file start36.cif (mmCIF, C-alpha atoms)
data_entry
loop_
_atom_site.label_atom_id
_atom_site.label_comp_id
_atom_site.auth_asym_id
_atom_site.auth_seq_id
_atom_site.Cartn_x
_atom_site.Cartn_y
_atom_site.Cartn_z
CA MET I 1 -93.18 66.80 74.97
CA SER I 2 -91.22 66.12 78.13
CA SER I 3 -91.49 62.80 79.96
CA ALA I 4 -90.03 60.83 82.87
CA SER I 5 -86.35 61.35 83.70
CA LEU I 6 -83.81 58.62 83.11
CA CYS I 7 -80.64 57.64 84.98
CA VAL I 8 -77.38 56.29 83.59
CA GLY I 9 -75.36 54.63 86.32
CA VAL I 10 -71.58 54.32 86.16
CA VAL I 11 -69.40 52.04 88.27
CA ALA I 12 -65.92 53.52 87.88
CA PRO I 13 -62.60 52.66 89.56
CA LEU I 14 -61.95 56.19 90.76
CA THR I 15 -59.51 54.92 93.40
CA GLY I 16 -57.31 51.85 93.82
CA ARG I 17 -55.11 49.93 91.42
CA LEU I 18 -57.55 50.21 88.48
CA ALA I 19 -57.71 54.01 88.67
CA PRO I 20 -56.07 54.37 85.21
CA LEU I 21 -59.41 53.14 83.85
CA GLY I 22 -61.33 55.63 85.97
CA SER I 23 -59.51 58.64 84.59
CA PRO I 24 -60.59 58.33 80.92
CA LEU I 25 -64.11 57.33 81.96
CA SER I 26 -64.45 60.39 84.20
CA TYR I 27 -63.11 62.55 81.40
CA ALA I 28 -65.58 61.15 78.86
CA LEU I 29 -68.41 61.82 81.30
CA ARG I 30 -67.37 65.44 81.72
CA ARG I 31 -66.82 65.97 78.01
CA LEU I 32 -70.13 64.44 76.96
CA ALA I 33 -72.26 65.82 79.80
CA PRO I 34 -74.12 68.31 77.55
CA ARG I 35 -74.89 65.58 75.01
CA LEU I 36 -76.09 63.21 77.71
CA ALA I 37 -78.33 65.72 79.49
CA HIS I 38 -81.39 64.44 77.64
CA VAL I 39 -82.46 61.93 74.99
CA ARG I 40 -85.27 61.97 72.49
CA ASN I 41 -87.18 58.75 72.11
CA GLY I 42 -90.01 58.91 69.61
CA GLY I 43 -91.81 62.16 70.29
CA ARG I 44 -90.74 62.36 73.92
CA ARG I 45 -87.84 64.17 75.51
CA HIS I 46 -86.34 62.58 78.61
CA ASP I 47 -83.97 64.36 80.97
CA VAL I 48 -80.99 62.20 81.91
CA THR I 49 -79.00 62.19 85.14
CA ILE I 50 -75.60 60.52 85.53
CA ALA I 51 -74.90 58.73 88.80
CA VAL I 52 -71.27 57.68 89.41
CA ARG I 53 -70.23 55.24 92.12
CA ASP I 54 -66.63 54.34 92.97
CA SER I 55 -65.83 50.62 92.80
CA ARG I 56 -62.60 51.36 94.71
CA SER I 57 -61.06 48.66 92.46
CA ASP I 58 -62.62 46.12 94.83
CA PRO I 59 -65.24 43.44 93.98
CA ASP I 60 -67.27 43.89 97.18
CA ALA I 61 -67.36 47.67 96.78
CA ALA I 62 -68.33 47.20 93.13
CA ARG I 63 -71.27 44.98 94.06
CA GLN I 64 -72.44 47.55 96.58
CA ALA I 65 -72.08 50.27 93.96
CA VAL I 66 -74.47 48.37 91.67
CA ARG I 67 -77.00 47.91 94.47
CA ASP I 68 -76.84 51.64 95.23
CA LEU I 69 -77.30 52.53 91.58
CA ALA I 70 -80.19 50.14 91.11
CA GLU I 71 -82.04 50.81 94.35
CA THR I 72 -81.14 54.36 95.39
CA ASP I 73 -80.42 56.07 92.07
CA GLY I 74 -82.92 54.10 90.01
CA ALA I 75 -80.46 53.53 87.16
CA HIS I 76 -81.98 52.41 83.86
CA VAL I 77 -78.59 51.21 82.56
CA VAL I 78 -75.18 50.71 84.20
CA LEU I 79 -71.80 51.21 82.52
CA THR I 80 -68.42 49.95 83.71
CA MET I 81 -64.76 49.43 82.86
CA ALA I 82 -62.79 47.20 85.19
CA GLY I 83 -60.45 44.25 85.65
CA THR I 84 -60.80 40.49 85.88
CA ARG I 85 -62.28 40.49 89.39
CA VAL I 86 -64.16 43.76 89.57
CA LEU I 87 -65.92 43.58 86.21
CA PRO I 88 -67.56 40.19 86.87
CA ALA I 89 -68.67 41.50 90.25
CA VAL I 90 -70.42 44.41 88.53
CA THR I 91 -72.00 42.36 85.75
CA ASN I 92 -73.22 39.58 88.05
CA ALA I 93 -74.68 42.16 90.43
CA CYS I 94 -76.47 43.81 87.50
CA GLU I 95 -77.85 40.46 86.41
CA ALA I 96 -79.12 39.84 89.94
CA ALA I 97 -80.61 43.34 90.20
CA ARG I 98 -82.21 43.03 86.75
CA VAL I 99 -80.63 46.23 85.46
CA PRO I 100 -79.04 46.45 81.98
CA CYS I 101 -75.25 46.74 81.93
CA VAL I 102 -72.65 47.49 79.25
CA SER I 103 -69.01 46.73 80.03
CA THR I 104 -65.64 46.63 78.29
CA THR I 105 -61.86 46.29 78.70
CA PHE I 106 -60.96 42.61 78.77
CA PRO I 107 -61.21 39.60 76.42
CA TRP I 108 -64.63 38.09 75.93
CA GLN I 109 -63.42 34.60 76.92
CA ALA I 110 -62.41 36.01 80.30
CA TYR I 111 -65.78 37.76 80.52
CA ILE I 112 -67.74 34.53 80.26
CA HIS I 113 -65.25 32.31 82.10
CA THR I 114 -65.11 34.54 85.19
CA ARG I 115 -68.90 34.42 85.31
CA GLY I 116 -68.98 30.63 85.40
CA VAL I 117 -70.54 29.97 81.99
CA GLY I 118 -69.35 28.79 78.59
CA PRO I 119 -69.75 29.99 75.02
CA GLY I 120 -73.37 30.02 73.93
CA HIS I 121 -74.76 31.16 77.27
CA ARG I 122 -77.17 34.06 76.91
CA PHE I 123 -77.35 36.65 79.71
CA ARG I 124 -80.57 38.61 80.04
CA TRP I 125 -79.21 41.93 81.29
CA THR I 126 -75.48 42.24 80.65
CA TYR I 127 -73.57 43.11 77.45
CA HIS I 128 -69.85 43.42 76.76
CA PHE I 129 -67.64 44.66 73.94
CA ALA I 130 -63.96 43.82 73.53
CA TRP I 131 -61.66 41.43 71.66
CA GLY I 132 -60.74 37.81 72.19
CA LEU I 133 -57.69 36.00 73.50
CA ASP I 134 -57.54 34.45 70.04
CA ASP I 135 -57.32 37.94 68.54
CA ILE I 136 -54.39 38.79 70.83
CA ALA I 137 -52.67 35.53 69.89
CA ALA I 138 -53.09 36.25 66.16
CA VAL I 139 -51.62 39.76 66.48
CA PHE I 140 -48.70 38.50 68.56
CA ALA I 141 -48.01 35.59 66.19
CA ASP I 142 -47.83 38.05 63.32
CA LEU I 143 -45.24 40.07 65.24
CA TRP I 144 -43.20 36.98 66.11
CA GLU I 145 -43.12 35.90 62.48
CA ARG I 146 -41.86 39.27 61.34
CA VAL I 147 -38.94 39.11 63.78
CA ASP I 148 -37.91 35.47 63.94
CA GLY I 149 -40.02 33.26 61.69
CA ARG I 150 -41.49 30.33 63.59
CA GLY I 151 -39.73 28.93 66.61
CA ALA I 152 -39.90 28.53 70.38
CA VAL I 153 -41.76 31.24 72.26
CA GLY I 154 -41.28 31.43 76.03
CA CYS I 155 -44.58 32.06 77.84
CA LEU I 156 -44.29 34.13 81.01
CA TRP I 157 -47.76 33.65 82.47
CA ASN I 158 -48.86 34.01 86.09
CA ASP I 159 -50.57 31.45 88.33
CA ASP I 160 -53.83 33.38 88.42
CA LEU I 161 -56.92 33.56 86.22
CA GLN I 162 -55.11 35.37 83.42
CA GLY I 163 -52.39 32.76 83.13
CA GLY I 164 -54.92 29.94 83.34
CA LEU I 165 -56.93 31.32 80.43
CA LEU I 166 -53.82 31.89 78.30
CA ARG I 167 -52.89 28.23 78.87
CA HIS I 168 -56.46 27.01 78.20
CA ASP I 169 -56.62 24.31 75.51
CA ARG I 170 -59.67 25.99 73.95
CA TYR I 171 -59.47 29.68 74.85
CA GLY I 172 -55.72 30.17 75.02
CA PHE I 173 -52.82 30.90 72.70
CA ALA I 174 -51.96 27.37 71.53
CA PRO I 175 -55.04 26.78 69.31
CA VAL I 176 -54.11 29.91 67.32
CA THR I 177 -50.31 29.82 67.33
CA SER I 178 -49.54 26.09 67.03
CA PRO I 179 -51.15 25.75 63.55
CA ARG I 180 -48.94 28.66 62.48
CA GLY I 181 -45.83 26.68 63.43
CA HIS I 182 -45.00 28.19 66.80
CA THR I 183 -43.89 26.11 69.78
CA LEU I 184 -45.05 27.57 73.07
CA VAL I 185 -42.78 26.88 76.04
CA ASP I 186 -44.38 27.50 79.43
CA LEU I 187 -41.64 29.11 81.52
CA GLY I 188 -43.49 28.27 84.74
CA ALA I 189 -46.27 29.97 86.63
CA TYR I 190 -45.43 32.75 89.09
CA ARG I 191 -47.31 34.72 91.70
CA GLU I 192 -47.87 38.48 91.36
CA PRO I 193 -46.10 40.60 92.36
CA ALA I 194 -42.99 38.57 91.60
CA ASP I 195 -39.65 38.90 93.38
CA ASP I 196 -37.57 36.44 91.33
CA PHE I 197 -37.66 34.98 87.80
CA HIS I 198 -34.46 32.92 87.80
CA ALA I 199 -36.40 29.66 87.32
CA GLN I 200 -38.22 31.09 84.32
CA VAL I 201 -35.00 32.46 82.88
CA GLY I 202 -33.46 28.99 83.25
CA ARG I 203 -36.29 27.40 81.27
CA MET I 204 -35.93 30.06 78.62
CA ARG I 205 -32.25 29.13 78.21
CA GLU I 206 -33.02 25.39 78.29
CA HIS I 207 -35.49 25.65 75.39
CA GLY I 208 -33.57 28.22 73.37
CA ALA I 209 -36.50 30.64 73.34
CA ASP I 210 -35.45 34.11 72.24
CA LEU I 211 -39.04 35.33 71.87
CA VAL I 212 -41.17 35.88 74.97
CA THR I 213 -44.88 36.50 75.39
CA SER I 214 -46.55 37.55 78.61
CA ALA I 215 -49.44 39.29 80.33
CA ALA I 216 -47.29 40.52 83.21
CA THR I 217 -47.43 43.86 84.93
CA ALA I 218 -44.84 46.33 83.68
CA THR I 219 -42.88 46.03 86.93
CA ASP I 220 -42.76 42.22 86.81
CA LEU I 221 -41.85 42.19 83.12
CA ALA I 222 -39.01 44.64 83.72
CA LEU I 223 -37.68 42.39 86.49
CA PHE I 224 -37.82 39.34 84.24
CA HIS I 225 -36.05 41.18 81.43
CA ARG I 226 -33.34 42.46 83.79
CA GLN I 227 -32.65 38.97 85.16
CA ALA I 228 -32.62 37.48 81.67
CA ARG I 229 -30.04 40.04 80.54
CA GLU I 230 -27.95 39.39 83.65
CA ALA I 231 -27.94 35.71 82.68
CA GLY I 232 -26.68 36.60 79.21
CA LEU I 233 -30.03 36.14 77.45
CA ARG I 234 -31.38 38.76 75.10
CA PRO I 235 -34.99 38.21 73.96
CA ARG I 236 -35.32 39.51 70.40
CA LEU I 237 -38.94 40.47 71.00
CA ILE I 238 -41.28 40.51 73.97
CA THR I 239 -45.04 40.69 73.39
CA CYS I 240 -47.13 41.64 76.38
CA SER I 241 -50.76 42.64 76.91
CA ARG I 242 -52.60 44.08 79.94
CA TRP I 243 -50.99 47.13 81.59
CA LEU I 244 -48.45 47.48 78.77
CA THR I 245 -51.27 48.68 76.50
CA TYR I 246 -51.37 51.96 78.45
CA PRO I 247 -49.19 54.97 77.79
CA HIS I 248 -47.52 55.69 81.12
CA THR I 249 -49.26 57.89 83.65
CA HIS I 250 -48.50 58.86 87.21
CA THR I 251 -50.58 55.89 88.40
CA THR I 252 -48.67 53.28 86.40
CA PRO I 253 -45.03 52.23 86.86
CA ALA I 254 -42.31 54.85 86.89
CA PRO I 255 -40.99 56.22 83.58
CA ASP I 256 -37.68 54.39 84.03
CA VAL I 257 -39.57 51.07 83.85
CA HIS I 258 -41.16 52.12 80.58
CA ARG I 259 -37.81 53.26 79.20
CA GLU I 260 -36.35 49.87 80.06
CA LEU I 261 -39.23 48.10 78.33
CA ALA I 262 -38.90 50.34 75.29
CA ASP I 263 -35.22 49.30 75.13
CA ALA I 264 -36.42 45.69 75.38
CA GLY I 265 -38.55 46.14 72.26
CA VAL I 266 -41.78 45.25 74.04
CA ALA I 267 -44.74 44.99 71.67
CA THR I 268 -48.37 44.95 72.70
CA LEU I 269 -51.93 45.01 71.41
CA VAL I 270 -53.66 48.20 70.30
CA TYR I 271 -57.45 48.43 70.40
CA TRP I 272 -57.77 52.22 70.13
CA SER I 273 -55.46 55.03 69.14
CA PRO I 274 -55.58 58.56 67.72
CA GLY I 275 -55.05 57.02 64.28
CA HIS I 276 -58.13 54.79 64.33
CA PRO I 277 -60.55 55.84 61.55
CA TYR I 278 -63.69 56.37 63.65
CA ARG I 279 -66.02 59.16 64.75
CA SER I 280 -68.32 59.57 67.72
CA SER I 281 -71.99 58.86 67.01
CA LEU I 282 -72.85 61.64 69.49
CA ASP I 283 -70.86 64.63 68.29
CA GLY I 284 -68.75 63.54 65.32
CA THR I 285 -65.46 63.79 67.22
CA THR I 286 -62.63 61.83 65.60
CA CYS I 287 -60.19 59.62 67.48
CA ALA I 288 -57.39 62.11 66.87
CA GLU I 289 -59.53 64.99 68.16
CA LEU I 290 -60.50 63.09 71.30
CA ALA I 291 -56.91 62.13 72.09
CA HIS I 292 -55.74 65.71 71.53
CA ALA I 293 -58.52 67.14 73.70
CA TYR I 294 -57.69 64.71 76.51
CA GLN I 295 -54.04 65.75 76.45
CA GLN I 296 -54.92 69.44 76.32
CA ASP I 297 -57.52 69.25 79.09
CA THR I 298 -55.72 66.89 81.49
CA GLY I 299 -52.03 67.37 80.69
CA ALA I 300 -51.73 63.58 80.51
CA ALA I 301 -50.99 61.31 77.55
CA TRP I 302 -53.94 59.65 75.85
CA LEU I 303 -54.81 56.15 77.02
CA GLN I 304 -56.33 53.36 74.96
CA PRO I 305 -59.34 53.00 77.32
CA LEU I 306 -60.34 56.58 76.43
CA GLY I 307 -62.00 55.45 73.21
CA LEU I 308 -63.80 52.62 74.98
CA ALA I 309 -65.08 54.94 77.70
CA HIS I 310 -66.49 57.26 75.06
CA ALA I 311 -68.12 54.31 73.26
CA LEU I 312 -69.76 53.12 76.49
CA LEU I 313 -71.58 56.43 76.75
CA GLU I 314 -72.51 56.39 73.07
CA THR I 315 -74.02 52.93 73.52
CA ALA I 316 -76.07 53.94 76.56
CA HIS I 317 -77.38 57.03 74.76
CA HIS I 318 -78.31 54.96 71.72
CA ALA I 319 -80.16 52.31 73.76
CA LEU I 320 -82.20 54.92 75.62
CA THR I 321 -83.03 56.58 72.30
CA VAL I 322 -84.29 53.46 70.51
CA ALA I 323 -85.78 51.38 73.35
CA ASP I 324 -89.54 50.86 73.06
CA ASP I 325 -89.82 52.28 76.58
CA PRO I 326 -86.57 53.78 77.94
CA THR I 327 -88.07 53.97 81.43
CA ASP I 328 -88.37 50.16 81.48
CA ARG I 329 -85.14 48.29 82.16
CA ALA I 330 -86.24 45.20 80.22
CA SER I 331 -86.92 47.34 77.18
CA VAL I 332 -83.47 48.93 77.45
CA ALA I 333 -81.87 45.47 77.68
CA MET I 334 -83.71 44.40 74.52
CA ALA I 335 -82.45 47.51 72.76
CA LEU I 336 -78.86 46.65 73.74
CA ALA I 337 -79.26 43.10 72.42
CA GLY I 338 -80.15 44.48 69.00
CA THR I 339 -77.62 47.30 68.92
CA SER I 340 -75.40 47.81 65.88
CA LEU I 341 -73.75 51.20 66.24
CA ASP I 342 -70.78 53.03 64.76
CA THR I 343 -68.84 54.56 67.67
CA ILE I 344 -65.50 56.24 68.24
CA ALA I 345 -64.18 52.76 69.16
CA GLY I 346 -65.52 51.14 65.99
CA ARG I 347 -68.70 49.36 65.02
CA LEU I 348 -70.35 47.62 67.98
CA ASP I 349 -72.70 44.88 66.76
CA TRP I 350 -74.24 42.63 69.38
CA SER I 351 -76.11 40.65 66.72
CA ARG I 352 -72.91 39.14 65.27
CA GLY I 353 -70.79 38.29 68.30
CA PRO I 354 -68.80 35.08 68.72
CA THR I 355 -71.23 34.28 71.52
CA PRO I 356 -74.38 36.01 72.83
CA ASN I 357 -73.99 39.35 74.64
CA ILE I 358 -70.62 40.08 72.99
CA ALA I 359 -69.61 42.67 70.38
CA LEU I 360 -66.11 42.32 68.94
CA LEU I 361 -63.45 44.96 68.38
CA PRO I 362 -60.45 44.28 66.09
CA LEU I 363 -56.85 44.56 67.25
CA VAL I 364 -53.63 45.80 65.71
CA GLY I 365 -50.07 45.43 66.96
CA GLY I 366 -48.12 48.17 68.71
CA GLN I 367 -44.62 48.60 70.08
CA TRP I 368 -43.11 50.97 72.61
CA HIS I 369 -40.61 53.28 70.92
CA HIS I 370 -38.55 56.13 72.32
CA GLY I 371 -40.08 59.54 71.63
CA ALA I 372 -39.14 63.14 72.34
CA GLU I 373 -41.47 63.21 75.35
CA GLY I 374 -40.85 59.67 76.56
CA PRO I 375 -41.94 56.20 75.43
CA ARG I 376 -44.38 56.30 72.51
CA LEU I 377 -46.81 53.55 71.53
CA ALA I 378 -46.46 53.09 67.75
CA VAL I 379 -48.76 50.99 65.58
CA VAL I 380 -46.42 48.54 63.82
CA SER I 381 -48.81 45.88 62.46
CA ASN I 382 -52.29 46.33 61.03
CA ARG I 383 -53.00 43.04 59.29
CA ALA I 384 -56.32 42.57 61.12
CA HIS I 385 -57.37 46.19 60.54
CA PRO I 386 -55.67 47.83 57.53
CA GLY I 387 -57.71 51.00 58.08
CA VAL I 388 -55.49 51.89 61.04
CA PRO I 389 -52.33 53.61 59.73
CA LEU I 390 -48.89 52.37 60.74
CA THR I 391 -46.97 54.90 62.83
CA GLY I 392 -43.70 53.00 63.25
CA GLU I 393 -41.71 49.93 62.25
CA LEU I 394 -41.32 46.80 64.34
CA ALA I 395 -37.82 46.70 65.83
CA SER I 396 -35.90 43.97 67.64
CA ALA I 397 -34.58 44.64 71.13
CA ARG I 398 -31.56 46.91 71.48
#
call {"tool": "encode", "arguments": {"input": "start36.cif", "output": "structure tokens"}}
result
Amino acid sequence: MSSASLCVGVVAPLTGRLAPLGSPLSYALRRLAPRLAHVRNGGRRHDVTIAVRDSRSDPDAARQAVRDLAETDGAHVVLTMAGTRVLPAVTNACEAARVPCVSTTFPWQAYIHTRGVGPGHRFRWTYHFAWGLDDIAAVFADLWERVDGRGAVGCLWNDDLQGGLLRHDRYGFAPVTSPRGHTLVDLGAYREPADDFHAQVGRMREHGADLVTSAATATDLALFHRQAREAGLRPRLITCSRWLTYPHTHTTPAPDVHRELADAGVATLVYWSPGHPYRSSLDGTTCAELAHAYQQDTGAAWLQPLGLAHALLETAHHALTVADDPTDRASVAMALAGTSLDTIAGRLDWSRGPTPNIALLPLVGGQWHHGAEGPRLAVVSNRAHPGVPLTGELASAR
């Protein structure tokens, strides 16, 4: 028995600085189109349309995209992957429009902080899956300890939201790393993009920090590393999140920057890889198969967000399948709140989050190594998730 059609809305950064997130999301949409063409809910079959709007990597454009999806396209659920300014714009607009939303790609503490609430707040319409800043800190501390025991770690953090959260006395790195014996030395805030790090290099020398942690862009981190080396300093290990989690593409910094960072022994977090032991709930595809298909179909290296993009679509399909009334947005939101689903990104369980509306993903540690076809992201630490196989050994800087 056929019934009313449904619409899945997608706010994707197809253009602008966040376009590396748009590429895997667009690919997942194309790959899963046949599986998403309809859903069965009870005894009814619903046709499904996919409406994609470009956020242009801009908060205002993202808000307009949500309004268009809600009012023009009649979306029953909205999906998005974005950064620290665009994602809150999407989620807040969805909350205002009373349309369910599922998002991913940055730490849950940033998700709630950028929306002006604290832990314990319950949103009605918006749901997120990711990891925490505390999870990043734990992975990085494990890497530091394997290289240099417990000592001074220079913190290269910007003067923006990201740096503020990393310094936060509740959300940040110190509550996790200080009890493990690490001394965090703030090297001084800087504005992105940076043009000079001599002051930060000076503080690094002053405090004898030969480990560095950061959330810098690849370009800024390469500049810092170059100036540190020119000053005679040689960090034994640099841990960095954010853009350094991505294998390089034509939209991220030039290959020579990645080669330099591979020489620097830069380690990062890994939330999805071809070696993760998961399958798609939609078609049984493994992580390795998805990564291989992406490379074959696009000619580009796999990206970590690929698994998250696929899981977004799995989650939307599941919610429309189990909602009491998939044509009713409130019913879909209730279905999301109770979702516990095995996806290609891992188990997403919104009933067990660290705070309402959040499902957690575990992290492992990775490091950029030289490979035959350029820098390769190897999994070098799996303490938090032993099911992910190691694909390399942690190495100090050359």
call {"tool": "resolve_selection", "arguments": {"input": "start36.cif", "expression": "the PyMOL selection byres ((chain I and resi 216) around 8)", "output": "ChimeraX atom specification"}}
result
/I:156-158,214-215,217-221,240-243
call {"tool": "resolve_selection", "arguments": {"input": "start36.cif", "expression": "the PyMOL selection byres ((chain I and resi 17) around 10)", "output": "list in words"}}
result
Pro13, Leu14, Thr15, Gly16, Leu18, Ala19, Pro20, Leu21, Arg56, Ser57, Asp58, Gly83, Thr251 and Thr252 of chain I
call {"tool": "residues_around", "arguments": {"input": "start36.cif", "residues": "range 128-130 of chain I", "least_positions_apart": "6", "cutoff": "6 Å", "atoms": "all atoms listed in the file", "output": "NGL selection string"}}
result
:I and (102-104 or 107 or 358-361)
call {"tool": "atom_distance", "arguments": {"input": "start36.cif", "atom1": "CA of Ala4 in chain I", "atom2": "CA of Leu336 in chain I"}}
result
20.2 Å
call {"tool": "resolve_selection", "arguments": {"input": "start36.cif", "expression": "the PyMOL selection byres ((chain I and resi 326) around 12)", "output": "compact mmCIF listing (two decimals) with C-alpha atoms, in the frame of the given file"}}
result
# COMPACT_ATOMS: atom_id res chain seq x y z
CA SER I 3 -91.49 62.80 79.96
CA ALA I 4 -90.03 60.83 82.87
CA SER I 5 -86.35 61.35 83.70
CA LEU I 6 -83.81 58.62 83.11
CA CYS I 7 -80.64 57.64 84.98
CA VAL I 8 -77.38 56.29 83.59
CA HIS I 38 -81.39 64.44 77.64
CA VAL I 39 -82.46 61.93 74.99
CA ARG I 40 -85.27 61.97 72.49
CA ASN I 41 -87.18 58.75 72.11
CA GLY I 42 -90.01 58.91 69.61
CA ARG I 44 -90.74 62.36 73.92
CA ARG I 45 -87.84 64.17 75.51
CA HIS I 46 -86.34 62.58 78.61
CA ASP I 47 -83.97 64.36 80.97
CA VAL I 48 -80.99 62.20 81.91
CA ALA I 75 -80.46 53.53 87.16
CA HIS I 76 -81.98 52.41 83.86
CA VAL I 77 -78.59 51.21 82.56
CA PRO I 100 -79.04 46.45 81.98
CA ALA I 316 -76.07 53.94 76.56
CA HIS I 317 -77.38 57.03 74.76
CA HIS I 318 -78.31 54.96 71.72
CA ALA I 319 -80.16 52.31 73.76
CA LEU I 320 -82.20 54.92 75.62
CA THR I 321 -83.03 56.58 72.30
CA VAL I 322 -84.29 53.46 70.51
CA ALA I 323 -85.78 51.38 73.35
CA ASP I 324 -89.54 50.86 73.06
CA ASP I 325 -89.82 52.28 76.58
CA THR I 327 -88.07 53.97 81.43
CA ASP I 328 -88.37 50.16 81.48
CA ARG I 329 -85.14 48.29 82.16
CA ALA I 330 -86.24 45.20 80.22
CA SER I 331 -86.92 47.34 77.18
CA VAL I 332 -83.47 48.93 77.45
CA ALA I 333 -81.87 45.47 77.68
CA MET I 334 -83.71 44.40 74.52
CA ALA I 335 -82.45 47.51 72.76
CA LEU I 336 -78.86 46.65 73.74
call {"tool": "closest_residue", "arguments": {"input": "start36.cif", "among": "I:Leu390, I:Leu184, I:Val379, I:Val52", "to": "Leu29 in chain I", "atoms": "only C-alpha atoms"}}
result
I:Val52
call {"tool": "closest_residue", "arguments": {"input": "start36.cif", "among": "I:Thr285, I:Thr84, I:Ser396, I:Ser381", "to": "Gln109 in chain I", "atoms": "all atoms listed in the file"}}
result
I:Thr84
call {"tool": "closest_residue", "arguments": {"input": "start36.cif", "among": "I:Ser178, I:Gln367, I:Ser280, I:Asn382", "to": "Leu32 in chain I", "atoms": "only C-alpha atoms"}}
result
I:Ser280
call {"tool": "closest_residue", "arguments": {"input": "start36.cif", "among": "I:Pro175, I:Gly232, I:Gly9, I:Pro59", "to": "Val78 in chain I", "atoms": "all atoms listed in the file"}}
result
I:Gly9
call {"tool": "closest_atom_pairs", "arguments": {"input": "start36.cif", "of": "range 246-347 of chain I", "to": "range 136-145 of chain I", "cutoff": "9 Å", "atoms": "all atoms listed in the file", "output": "JSON lines"}}
result
{"residue": "I:Ala267", "atom": "CA", "partner": "I:Leu143", "partner_atom": "CA", "distance": 8.1}
{"residue": "I:Thr268", "atom": "CA", "partner": "I:Phe140", "partner_atom": "CA", "distance": 7.7}
{"residue": "I:Leu269", "atom": "CA", "partner": "I:Ile136", "partner_atom": "CA", "distance": 6.7}
call {"tool": "residues_around", "arguments": {"input": "start36.cif", "residues": "Phe173 in chain I", "least_positions_apart": "4", "cutoff": "8 Å", "atoms": "all atoms listed in the file", "output": "list in words"}}
result
Leu133, Asp134, Ala137, Leu166, Arg167, His168 and Thr177 of chain I
call {"tool": "closest_residue", "arguments": {"input": "start36.cif", "among": "I:Pro356, I:Ala82, I:Ser23, I:Ala372", "to": "Arg122 in chain I", "atoms": "all atoms listed in the file"}}
result
I:Pro356
call {"tool": "residues_around", "arguments": {"input": "start36.cif", "residues": "Ala309 in chain I", "least_positions_apart": "4", "cutoff": "9 Å", "atoms": "all atoms listed in the file", "output": "number ranges by chain"}}
result
I: 21, 24-29, 80-81, 104, 305, 313-314, 345
call {"tool": "closest_residue", "arguments": {"input": "start36.cif", "among": "I:Thr114, I:Ala70, I:Asp148, I:Phe123", "to": "Glu95 in chain I", "atoms": "only C-alpha atoms"}}
result
I:Phe123
call {"tool": "residues_around", "arguments": {"input": "start36.cif", "residues": "Ile238 in chain I", "least_positions_apart": "2", "cutoff": "8 Å", "atoms": "only C-alpha atoms", "output": "list of chain:residue names"}}
result
I:Leu211, I:Val212, I:Thr213, I:Ser214, I:Pro235, I:Arg236, I:Cys240, I:Ala264, I:Gly265, I:Val266, I:Ala267
call {"tool": "atom_distance", "arguments": {"input": "start36.cif", "atom1": "CA of Trp350 in chain I", "atom2": "CA of Thr126 in chain I"}}
result
11.3 Å
call {"tool": "residues_around", "arguments": {"input": "start36.cif", "residues": "Val380 in chain I", "least_positions_apart": "2", "cutoff": "10 Å", "atoms": "only C-alpha atoms", "output": "tab-separated table (two decimals) with C-alpha atoms, in the frame of the given file"}}
result
chain	number	residue	atom	x	y	z
I	143	LEU	CA	-45.24	40.07	65.24
I	267	ALA	CA	-44.74	44.99	71.67
I	268	THR	CA	-48.37	44.95	72.70
I	270	VAL	CA	-53.66	48.20	70.30
I	364	VAL	CA	-53.63	45.80	65.71
I	365	GLY	CA	-50.07	45.43	66.96
I	366	GLY	CA	-48.12	48.17	68.71
I	367	GLN	CA	-44.62	48.60	70.08
I	368	TRP	CA	-43.11	50.97	72.61
I	377	LEU	CA	-46.81	53.55	71.53
I	378	ALA	CA	-46.46	53.09	67.75
I	382	ASN	CA	-52.29	46.33	61.03
I	383	ARG	CA	-53.00	43.04	59.29
I	389	PRO	CA	-52.33	53.61	59.73
I	390	LEU	CA	-48.89	52.37	60.74
I	391	THR	CA	-46.97	54.90	62.83
I	392	GLY	CA	-43.70	53.00	63.25
I	393	GLU	CA	-41.71	49.93	62.25
I	394	LEU	CA	-41.32	46.80	64.34
I	395	ALA	CA	-37.82	46.70	65.83
call {"tool": "decode", "arguments": {"input": "start36.cif", "residues": "range 233-244 of chain I", "atoms": "C-alpha atoms", "output": "JSON list (two decimals), in the first residue's frame"}}
result
[["chain", "number", "residue", "atom", "x", "y", "z"],
["I", 233, "LEU", "CA", 63.63, 23.48, 18.27],
["I", 234, "ARG", "CA", 62.51, 20.04, 17.21],
["I", 235, "PRO", "CA", 59.15, 18.91, 18.65],
["I", 236, "ARG", "CA", 59.29, 15.15, 19.19],
["I", 237, "LEU", "CA", 55.58, 14.84, 18.51],
["I", 238, "ILE", "CA", 52.81, 17.16, 17.38],
["I", 239, "THR", "CA", 49.18, 16.16, 17.94],
["I", 240, "CYS", "CA", 46.61, 18.10, 15.97],
["I", 241, "SER", "CA", 42.89, 17.70, 15.28],
["I", 242, "ARG", "CA", 40.54, 19.47, 12.84],
["I", 243, "TRP", "CA", 41.72, 19.64, 9.21],
["I", 244, "LEU", "CA", 44.63, 17.28, 9.89]]
